[in-house]
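Enquirer: I have a structure here, written as structure tokens, and I will follow up with some questions on it.
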Amino acid sequence: MLKKSHYIILIFVVVLVLVLLQLPGGTIGKLKLAISGLFLPLFGLSNSTHEWLGQAKEGLVPRHELLRQIDQLRLENQQLQLRLQQEAQIWGENARLRGEVGWQRQIRWRPVLARVIARDPANWWRSLEIDRGLKDGLRANLPVLTSDGLVGRVQNVGETRSSVVLLGDPNLRVAALVGGSTNVETGIIAANVSAPQEEGMIDLDLLSGANLVRPGQSVVTWGAGGVFPAGIPIGKIVDIRPKEYGLSTEARVKLAADLSALEEVWVMLP
Amino acid sequence: MSWRPTLFVLAAAFLAVFLEASFGFFRNLFGAQIDLLPALMVYTALTLGFTSILLLAVCGGLWFDSLSLNPLGASVLPLLVIGILIYQSRELLMREHLPAQLILGVAAGAAQPLGTLFICLNAGVRPLLGWVSLWHWIVMAVGSGAATPLCFILFDRLRRALEYQPATQTSFRPDREIKRGKS
């Protein structure tokens, strides 16, 4: 049923796809952003509808409930202002001490709020698209988090949109720290390949075999590698299992942030 | 050849990719997102021509990959192969029969992710694969199987509504006409 001309077109398309597959990552990222830009009107429409529905829902909240929420927020605001004053003092002290010791000054990160506009349609990746890009100061490899903890990092950046690789994706590995002031262990956060069905669970790999890690301990970013600042909460240890005949340990970590229900995220700008 | 059906299919593919990326209903319900492109490809391969198959595979595949971490173009070839295979044997397939539509939809929905993963792995990227991928695969295949008859119903109705229908033969025969009065 296929004619000779059809075969020629087929060969041309196959060659074109093979060329596309061989293109370098940067070019592919730009191409992807250009093609996915076609969806912008639909994303805009979806966002507007979402906002409109939200406003309509807010209109139905009774007055006494709103007043209660205002009181609660006022109280929270006061508490946060006190904490901010305290933090400013600590920050100054930290900078002074670092200066005296000769250490590099810590960078104060500036958070930018971004709305999640799309998720990866393929089931074998963990990524999403946000509505902030180059014009908002974003660039590749910036950390993305919620108030609960780390979410991922920025992968490709377009003019008005960016793609974010989430924790649990094979493309994202994070140096992590477990434990408090004593018995500190370091490891690498990687995708939970053994059981990716467990939503919100990831593996903490390459821990030493010294059994210093305990279930319930907090996992935070280590800061090594320069992508993620130190101290961002990642999650809590659920269980531990020995690996490579006890030479190293692997732990399962319950993520602090709920990645399945992300609507807004913070991108940390240096 | 009318371009209208091809445009409808391309518009549907565009909407399908957008819905897959924007709405997580099936993802939240079954733990896996359903891909509607294989179902559309089954309809296109059984109804439309080679150009439509080619356009759906290239545009649909690129749109899908642009919103995904898949290497760009990884979804194009599997869709194209599915389309061409069905197109080649469409005279043997019973297009109007629901079981045929279901089976073809399931087969296409099962083959598409396998082909894409095969290309991903050969392109040197490591997707998130485990035992749960088997469940994802089943959901995608069954979802595609369920979506295929819906595609046929929707697009056939659309075509009937918007295209000129060929005039059917009337049962009136001039030689059987009763003529009254004197001739």
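Chain labels follow the order of the structure tokens: the first chain is A, the next B, and so on; residue numbering restarts at 1 in every chain, and ligands are counted from 1 in their shown order.
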At a cut-off of 8 Å, which residues of chain A touch chain B? Count only C-alpha atoms and give the answer as number ranges by chain.

Expert: A: 1-2, 6, 14, 17-18, 20-22, 28, 31-33, 35-36, 39, 42-43, 117-125, 127, 129, 169-171, 191, 193-197

Enquirer: Among region 205-240 of chain A, which residues does DSSP mark as strand (DSSP E or B) when it is run on the backbone? Keep the chain and numbering as in the structure and answer as a list of chain:residue names.

Expert: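 Here are the strand (DSSP E or B) residues of region 205-240 of chain A: A:Asp205, A:Leu206, A:Leu207, A:Ser208, A:Ser218, A:Val219, A:Val220, A:Thr221, A:Pro233, A:Ile234, A:Gly235, A:Lys236, A:Ile237, A:Val238, A:Asp239, A:Ile240.
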
Enquirer: CA of Leu212 (chain A) and CA of Ile188 (chain A) are how many Å apart?

Expert: 15.4 Å

Enquirer: Excluding Leu10 (chain B) and its own-chain neighbours fewer than 6 positions away, which residues fall within 8 Å of it when counting only C-alpha atoms? Please give them as a ChimeraX atom specification.

Expert: /B:55-56,59-60

Enquirer: Using CA of Thr148 (chain B) and CA of Gly105 (chain B) as the two end points, give the distance in Å to one decimal.

Expert: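 CA of Gly105 (chain B) lies at a distance of 5.3 Å from CA of Thr148 (chain B).
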
Enquirer: Which is closest to Pro233 (chain A) among A:Gly149, A:Gly216, A:Gly26, A:Gly246, if we use only C-alpha atoms?

Expert: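 Nearest to Pro233 (chain A): A:Gly149.
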
Enquirer: So how far away is CA of Ala108 (chain B) from CA of Met41 (chain B), in Å?

Expert: 8.2 Å
